[in-house]
file upload.cif (mmCIF, C-alpha atoms)
data_start
#
loop_
_atom_site.label_atom_id
_atom_site.label_comp_id
_atom_site.auth_asym_id
_atom_site.auth_seq_id
_atom_site.Cartn_x
_atom_site.Cartn_y
_atom_site.Cartn_z
CA MET A 1 -0.87 -28.08 11.99
CA ASP A 2 0.97 -27.00 8.85
CA PRO A 3 3.34 -24.10 9.69
CA ASP A 4 2.70 -22.59 6.26
CA ARG A 5 -1.01 -22.28 7.00
CA THR A 6 -0.81 -21.37 10.69
CA ILE A 7 -2.61 -18.21 11.78
CA THR A 8 -1.77 -16.83 15.22
CA PHE A 9 -3.83 -14.77 17.66
CA ASP A 10 -2.30 -12.72 20.48
CA PRO A 11 -4.93 -11.78 23.10
CA CYS A 12 -2.82 -8.75 24.09
CA GLU A 13 -3.21 -7.28 20.60
CA ASN A 14 -6.96 -7.81 20.28
CA GLN A 15 -10.10 -6.25 21.73
CA PRO A 16 -12.31 -8.08 24.26
CA MET A 17 -14.97 -8.70 21.60
CA ASP A 18 -12.40 -10.41 19.37
CA ARG A 19 -11.16 -12.55 22.25
CA GLN A 20 -14.70 -13.61 23.06
CA PHE A 21 -15.29 -14.39 19.39
CA MET A 22 -12.17 -16.55 19.27
CA LEU A 23 -13.20 -18.56 22.32
CA SER A 24 -16.71 -19.00 20.95
CA GLN A 25 -15.43 -20.25 17.61
CA LEU A 26 -12.89 -22.74 18.94
CA VAL A 27 -14.38 -24.04 22.20
CA VAL A 28 -17.06 -26.06 20.40
CA PRO A 29 -19.50 -27.68 20.49
CA ARG A 30 -20.92 -26.26 23.71
CA PRO A 31 -24.05 -27.53 25.48
CA ILE A 32 -26.81 -24.97 25.80
CA ALA A 33 -28.41 -24.39 29.19
CA MET A 34 -31.88 -23.02 28.48
CA VAL A 35 -32.18 -21.15 31.77
CA SER A 36 -35.58 -20.15 33.10
CA THR A 37 -36.05 -17.71 35.97
CA ARG A 38 -38.68 -15.38 37.39
CA SER A 39 -38.19 -11.72 38.23
CA PRO A 40 -39.23 -10.15 41.56
CA ASP A 41 -42.17 -8.66 39.62
CA GLY A 42 -43.30 -12.14 38.57
CA ILE A 43 -42.16 -11.94 34.93
CA ALA A 44 -40.80 -15.21 33.56
CA ASN A 45 -37.51 -15.10 31.68
CA ILE A 46 -35.73 -17.60 29.44
CA ALA A 47 -32.19 -17.32 28.11
CA PRO A 48 -29.88 -19.78 26.31
CA MET A 49 -26.46 -19.93 27.97
CA SER A 50 -23.67 -21.83 26.22
CA TYR A 51 -20.78 -21.00 28.54
CA TYR A 52 -21.97 -23.85 30.72
CA LEU A 53 -20.38 -26.90 32.36
CA PRO A 54 -20.81 -29.65 34.96
CA ILE A 55 -18.49 -29.23 37.95
CA THR A 56 -18.87 -32.00 40.52
CA GLY A 57 -21.26 -34.67 41.74
CA ASP A 58 -20.82 -34.15 45.48
CA PRO A 59 -22.38 -31.71 45.93
CA MET A 60 -24.05 -31.81 42.52
CA LEU A 61 -22.83 -28.55 40.96
CA LEU A 62 -22.90 -26.93 37.56
CA GLY A 63 -21.57 -23.58 36.37
CA ILE A 64 -22.87 -20.94 33.98
CA THR A 65 -21.08 -17.73 33.10
CA MET A 66 -23.37 -14.73 32.73
CA GLY A 67 -21.97 -11.58 31.20
CA LEU A 68 -23.45 -8.18 30.42
CA ARG A 69 -26.11 -7.22 27.90
CA GLU A 70 -25.09 -5.24 24.84
CA ASP A 71 -26.26 -2.07 26.62
CA GLY A 72 -23.79 -2.76 29.43
CA GLN A 73 -26.45 -3.75 31.96
CA LEU A 74 -26.60 -7.03 33.87
CA LYS A 75 -28.49 -9.83 32.19
CA HIS A 76 -32.04 -10.37 33.39
CA THR A 77 -31.27 -14.06 34.06
CA TYR A 78 -28.48 -13.06 36.45
CA LEU A 79 -30.58 -10.43 38.23
CA ASN A 80 -33.49 -12.84 38.62
CA ALA A 81 -31.31 -15.68 39.90
CA MET A 82 -29.64 -13.38 42.42
CA ALA A 83 -33.00 -12.10 43.64
CA SER A 84 -34.72 -15.50 43.92
CA GLY A 85 -31.68 -17.64 44.68
CA ASP A 86 -32.62 -20.26 42.09
CA PHE A 87 -32.99 -21.11 38.41
CA VAL A 88 -33.85 -24.05 36.16
CA VAL A 89 -31.60 -25.48 33.46
CA ASN A 90 -33.80 -26.97 30.75
CA VAL A 91 -31.84 -29.20 28.37
CA THR A 92 -31.97 -27.70 24.90
CA SER A 93 -33.23 -30.31 22.44
CA GLU A 94 -35.35 -30.59 19.26
CA ALA A 95 -38.43 -28.91 20.73
CA PHE A 96 -36.40 -25.71 21.16
CA ARG A 97 -34.41 -25.75 17.91
CA ASP A 98 -36.29 -23.04 15.99
CA ASP A 99 -36.59 -20.53 18.82
CA ILE A 100 -33.15 -20.56 20.45
CA GLU A 101 -32.37 -17.17 18.93
CA THR A 102 -35.86 -15.91 19.72
CA VAL A 103 -35.28 -16.20 23.46
CA ALA A 104 -31.67 -15.02 23.02
CA MET A 105 -32.91 -11.56 21.99
CA GLU A 106 -32.21 -8.89 24.58
CA SER A 107 -35.85 -8.02 25.09
CA PRO A 108 -37.13 -5.57 27.73
CA SER A 109 -37.47 -6.91 31.27
CA GLU A 110 -41.27 -6.78 31.13
CA VAL A 111 -41.40 -9.29 28.25
CA ASP A 112 -42.31 -12.87 29.16
CA GLU A 113 -40.13 -15.11 26.96
CA PHE A 114 -42.53 -18.03 27.37
CA ASP A 115 -45.06 -15.99 25.41
CA LEU A 116 -42.38 -14.94 22.94
CA ALA A 117 -41.38 -18.51 22.07
CA GLY A 118 -44.77 -20.12 22.59
CA TRP A 119 -43.41 -22.52 25.22
CA THR A 120 -45.31 -23.76 28.25
CA PRO A 121 -44.37 -22.65 31.79
CA VAL A 122 -44.77 -25.41 34.37
CA PRO A 123 -44.04 -25.31 38.10
CA ALA A 124 -40.67 -26.69 39.16
CA THR A 125 -40.61 -29.19 42.02
CA LYS A 126 -38.10 -27.67 44.45
CA VAL A 127 -37.42 -24.11 43.25
CA GLY A 128 -39.57 -21.08 42.55
CA SER A 129 -38.39 -20.48 38.99
CA PRO A 130 -40.63 -21.95 36.31
CA ALA A 131 -39.57 -24.87 34.13
CA ILE A 132 -40.28 -25.34 30.41
CA GLY A 133 -42.95 -27.95 29.77
CA GLU A 134 -41.51 -28.92 26.38
CA ALA A 135 -38.11 -29.84 27.87
CA LEU A 136 -37.25 -33.54 27.92
CA ALA A 137 -35.00 -33.00 30.93
CA ARG A 138 -34.41 -30.30 33.51
CA LEU A 139 -32.10 -29.58 36.42
CA GLU A 140 -33.51 -27.41 39.19
CA CYS A 141 -30.79 -25.39 40.89
CA VAL A 142 -30.25 -23.12 43.86
CA VAL A 143 -27.44 -20.58 43.73
CA HIS A 144 -24.45 -22.12 45.52
CA LYS A 145 -21.79 -19.49 44.83
CA VAL A 146 -21.02 -16.61 42.48
CA VAL A 147 -17.49 -15.85 41.31
CA ASP A 148 -17.00 -12.38 39.80
CA LEU A 149 -14.52 -12.47 36.91
CA GLY A 150 -13.26 -10.35 34.05
CA THR A 151 -13.09 -6.58 33.71
CA PRO A 152 -15.96 -4.84 35.56
CA ASP A 153 -18.42 -2.70 33.58
CA ARG A 154 -17.12 -3.89 30.21
CA VAL A 155 -19.17 -5.86 27.70
CA PHE A 156 -17.24 -9.04 26.76
CA GLY A 157 -15.20 -8.42 29.91
CA GLU A 158 -17.33 -8.60 33.04
CA VAL A 159 -18.78 -12.02 33.73
CA HIS A 160 -20.20 -13.76 36.77
CA LEU A 161 -19.65 -17.48 37.14
CA VAL A 162 -22.87 -18.65 38.74
CA ILE A 163 -22.42 -22.02 40.40
CA GLY A 164 -25.70 -23.77 40.95
CA GLU A 165 -26.39 -26.77 43.17
CA VAL A 166 -28.75 -29.19 41.49
CA VAL A 167 -31.52 -30.02 43.97
CA TRP A 168 -33.87 -31.87 41.62
CA VAL A 169 -33.68 -33.58 38.23
CA ALA A 170 -36.65 -34.60 36.10
CA TYR A 171 -36.59 -36.25 32.68
CA ASP A 172 -38.88 -37.99 30.22
CA SER A 173 -38.66 -41.79 30.11
CA ALA A 174 -38.60 -41.49 26.31
CA ILE A 175 -34.92 -40.56 26.48
CA CYS A 176 -33.99 -43.80 28.28
CA ASN A 177 -32.65 -46.94 26.63
CA GLU A 178 -33.82 -50.51 27.28
CA GLN A 179 -31.68 -50.67 30.45
CA GLY A 180 -33.36 -47.56 31.83
CA ARG A 181 -30.30 -45.34 31.41
CA ILE A 182 -30.38 -41.95 29.69
CA ASP A 183 -29.43 -42.29 26.02
CA PRO A 184 -27.77 -39.06 24.82
CA VAL A 185 -28.93 -39.68 21.25
CA ARG A 186 -32.54 -40.10 22.34
CA LEU A 187 -32.22 -36.89 24.34
CA GLY A 188 -31.23 -35.17 21.11
CA ALA A 189 -29.46 -32.23 22.72
CA ILE A 190 -28.56 -29.25 20.55
CA ALA A 191 -25.13 -27.64 20.93
CA ARG A 192 -23.76 -24.24 20.06
CA LEU A 193 -21.07 -23.76 17.43
CA GLY A 194 -19.73 -20.38 16.33
CA LEU A 195 -21.89 -17.36 15.61
CA ARG A 196 -25.47 -18.43 14.79
CA THR A 197 -24.61 -22.04 13.98
CA PHE A 198 -25.90 -24.97 16.01
CA LEU A 199 -25.31 -28.71 16.05
CA ARG A 200 -27.95 -31.42 16.41
CA THR A 201 -27.30 -34.78 18.06
CA THR A 202 -27.94 -37.52 15.51
CA ASP A 203 -27.31 -41.27 15.25
CA GLU A 204 -24.86 -40.63 12.41
CA GLY A 205 -22.90 -38.12 14.45
CA ALA A 206 -22.46 -40.28 17.56
CA TYR A 207 -19.84 -42.98 18.02
CA TYR A 208 -18.70 -45.16 20.91
CA LEU A 209 -15.23 -45.83 22.28
CA ALA A 210 -14.54 -48.39 24.99
CA ARG A 211 -12.35 -47.32 27.91
CA THR A 212 -9.74 -49.97 28.71
CA PRO A 213 -8.24 -50.23 32.22
CA TRP A 214 -4.51 -49.48 32.25
CA ALA A 215 -3.47 -52.97 33.40
CA GLU A 216 -5.52 -54.60 30.64
CA PHE A 217 -4.06 -52.19 28.08
CA ILE A 218 -0.51 -53.12 29.10
CA ASP A 219 -1.29 -56.85 29.07
CA ASN A 220 -2.71 -56.57 25.56
CA ARG A 221 0.43 -54.81 24.36
CA LYS A 222 2.60 -57.63 25.79
CA GLU A 223 0.74 -60.28 23.80
CA PRO A 224 2.62 -61.44 20.66
#

call {"tool": "encode", "arguments": {"input": "upload.cif", "output": "structure tokens"}}
result
Amino acid sequence: MDPDRTITFDPCENQPMDRQFMLSQLVVPRPIAMVSTRSPDGIANIAPMSYYLPITGDPMLLGITMGLREDGQLKHTYLNAMASGDFVVNVTSEAFRDDIETVAMESPSEVDEFDLAGWTPVPATKVGSPAIGEALARLECVVHKVVDLGTPDRVFGEVHLVIGEVVWVAYDSAICNEQGRIDPVRLGAIARLGLRTFLRTTDEGAYYLARTPWAEFIDNRKEP
């Protein structure tokens, strides 16, 4: 980093919205969990969540942070997941690319986002929340733990880290390579960049690096 071009940012001197913006612009690209849930009234909900990460394989856990809506109320996805105890993470890929922002709108709770986006609700296998039929892969989750973080009652402050235990995975064989393993390029996941910018997975954008065991690395360095 050239000192003459360096711009600094002190969180203490900036508002929560600016801090959130900074994180969203620099922690990129982020996978998008297209989360589907169902309300206690039976209304299906879909929301793209990009503050999302895998945690551990035993038990099989993933985490999603869910903040507040712009009106200061809890997100419908969070309320639904807390009420039902489950949710589905549908992997965001090409079939979803044009309607990510459609389902991101903060619509009223009585709106069914499946109708809004024109996607197909299908029954999940082990949870009550619906899955998205167009998804090439999905992870069905039960709520394992919720960690309350941030400043309560403040937009861009209050968040709830929802840790889900994956109890079922389903995916289309079309995303597998000749050895039967999932090929990330064939999956074609879409990631979130800053603001309203997204990133597609393409052959040209992917590259491979071998991981060398430490002992082999040292031996290779010793060779003349």

call {"tool": "residues_near_point", "arguments": {"input": "upload.cif", "point": "(-33.1, -5.9, 38.2)", "cutoff": "12 Å", "atoms": "all atoms listed in the file", "output": "VMD selection string"}}
result
chain A and resid 38 to 43 73 to 84 108 to 110

call {"tool": "closest_atom_pairs", "arguments": {"input": "upload.cif", "of": "range 168-201 of chain A", "to": "range 23-29 of chain A", "cutoff": "6 Å", "atoms": "all atoms listed in the file", "output": "CSV"}}
result
residue,atom,partner,partner_atom,distance
A:Ala191,CA,A:Pro29,CA,5.6
A:Arg192,CA,A:Pro29,CA,5.5
A:Leu193,CA,A:Pro29,CA,5.2
A:Gly194,CA,A:Gln25,CA,4.5

call {"tool": "write_last_selection", "arguments": {"input": "upload.cif", "atoms": "C-alpha atoms", "output": "PDB file, in the frame of the given file"}}
result
ATOM      1  CA  ALA A 191     -25.130 -27.640  20.930  1.00  0.00           C
ATOM      2  CA  ARG A 192     -23.760 -24.240  20.060  1.00  0.00           C
ATOM      3  CA  LEU A 193     -21.070 -23.760  17.430  1.00  0.00           C
ATOM      4  CA  GLY A 194     -19.730 -20.380  16.330  1.00  0.00           C
TER       5      GLY A 194
END

call {"tool": "atom_distance", "arguments": {"input": "upload.cif", "atom1": "CA of Val155 in chain A", "atom2": "CA of Met105 in chain A"}}
result
15.9 Å

call {"tool": "residues_around", "arguments": {"input": "upload.cif", "residues": "Thr102 in chain A", "least_positions_apart": "5", "cutoff": "12 Å", "atoms": "all atoms listed in the file", "output": "ChimeraX atom specification"}}
result
/A:34,46-48,96-97,107,112-119,196

call {"tool": "resolve_selection", "arguments": {"input": "upload.cif", "expression": "the PyMOL selection byres ((chain A and resi 95) around 10)", "output": "number ranges by chain"}}
result
A: 92-94, 96-100, 119, 134-136, 188-190

call {"tool": "resolve_selection", "arguments": {"input": "upload.cif", "expression": "the PyMOL selection byres ((chain A and resi 36) around 8)", "output": "PyMOL selection string"}}
result
chain A and resi 34-35+37-38+44-47+77+87-90+129-132

call {"tool": "write_last_selection", "arguments": {"input": "upload.cif", "atoms": "C-alpha atoms", "output": "compact mmCIF listing (two decimals), keeping the file's coordinate frame"}}
result
# COMPACT_ATOMS: atom_id res chain seq x y z
CA MET A 34 -31.88 -23.02 28.48
CA VAL A 35 -32.18 -21.15 31.77
CA THR A 37 -36.05 -17.71 35.97
CA ARG A 38 -38.68 -15.38 37.39
CA ALA A 44 -40.80 -15.21 33.56
CA ASN A 45 -37.51 -15.10 31.68
CA ILE A 46 -35.73 -17.60 29.44
CA ALA A 47 -32.19 -17.32 28.11
CA THR A 77 -31.27 -14.06 34.06
CA PHE A 87 -32.99 -21.11 38.41
CA VAL A 88 -33.85 -24.05 36.16
CA VAL A 89 -31.60 -25.48 33.46
CA ASN A 90 -33.80 -26.97 30.75
CA SER A 129 -38.39 -20.48 38.99
CA PRO A 130 -40.63 -21.95 36.31
CA ALA A 131 -39.57 -24.87 34.13
CA ILE A 132 -40.28 -25.34 30.41

call {"tool": "residues_around", "arguments": {"input": "upload.cif", "residues": "range 180-187 of chain A", "least_positions_apart": "4", "cutoff": "10 Å", "atoms": "only C-alpha atoms", "output": "MDAnalysis selection string"}}
result
chainID A and resid 91:94 135:137 171:176 200:206

call {"tool": "atom_distance", "arguments": {"input": "upload.cif", "atom1": "CA of Asp153 in chain A", "atom2": "CA of Leu68 in chain A"}}
result
8.1 Å

call {"tool": "atom_distance", "arguments": {"input": "upload.cif", "atom1": "CA of His160 in chain A", "atom2": "CA of Asp18 in chain A"}}
result
19.4 Å

call {"tool": "build_atoms", "arguments": {"input": "upload.cif", "residues": "range 60-71 of chain A", "atoms": "N, CA, C and O atoms", "output": "short mmCIF file (atom, residue, chain, number, x, y, z; two decimals), in the frame of the given file"}}
result
data_model
loop_
_atom_site.label_atom_id
_atom_site.label_comp_id
_atom_site.auth_asym_id
_atom_site.auth_seq_id
_atom_site.Cartn_x
_atom_site.Cartn_y
_atom_site.Cartn_z
N MET A 60 -23.76 -31.79 43.95
CA MET A 60 -24.05 -31.81 42.52
C MET A 60 -24.09 -30.36 42.00
O MET A 60 -25.06 -29.64 42.19
N LEU A 61 -22.98 -29.94 41.37
CA LEU A 61 -22.83 -28.55 40.96
C LEU A 61 -22.66 -28.41 39.46
O LEU A 61 -22.07 -29.28 38.80
N LEU A 62 -23.16 -27.32 38.93
CA LEU A 62 -22.90 -26.93 37.56
C LEU A 62 -22.60 -25.44 37.54
O LEU A 62 -22.94 -24.70 38.46
N GLY A 63 -21.94 -24.99 36.47
CA GLY A 63 -21.57 -23.58 36.37
C GLY A 63 -22.02 -22.96 35.07
O GLY A 63 -21.99 -23.60 34.02
N ILE A 64 -22.46 -21.71 35.16
CA ILE A 64 -22.87 -20.94 33.98
C ILE A 64 -22.27 -19.55 34.10
O ILE A 64 -22.41 -18.90 35.14
N THR A 65 -21.59 -19.10 33.06
CA THR A 65 -21.08 -17.73 33.10
C THR A 65 -22.11 -16.80 32.48
O THR A 65 -22.65 -17.08 31.41
N MET A 66 -22.38 -15.71 33.17
CA MET A 66 -23.37 -14.73 32.73
C MET A 66 -22.69 -13.38 32.63
O MET A 66 -22.21 -12.84 33.63
N GLY A 67 -22.62 -12.86 31.42
CA GLY A 67 -21.97 -11.58 31.20
C GLY A 67 -22.95 -10.42 31.21
O GLY A 67 -24.02 -10.48 31.84
N LEU A 68 -22.60 -9.37 30.50
CA LEU A 68 -23.45 -8.18 30.42
C LEU A 68 -24.25 -8.18 29.12
O LEU A 68 -23.87 -8.81 28.13
N ARG A 69 -25.35 -7.45 29.13
CA ARG A 69 -26.11 -7.22 27.90
C ARG A 69 -25.34 -6.25 27.01
O ARG A 69 -24.37 -5.61 27.43
N GLU A 70 -25.77 -6.14 25.77
CA GLU A 70 -25.09 -5.24 24.84
C GLU A 70 -25.15 -3.78 25.29
O GLU A 70 -24.30 -2.97 24.91
N ASP A 71 -26.16 -3.45 26.12
CA ASP A 71 -26.26 -2.07 26.62
C ASP A 71 -25.42 -1.86 27.87
O ASP A 71 -25.46 -0.79 28.49
#
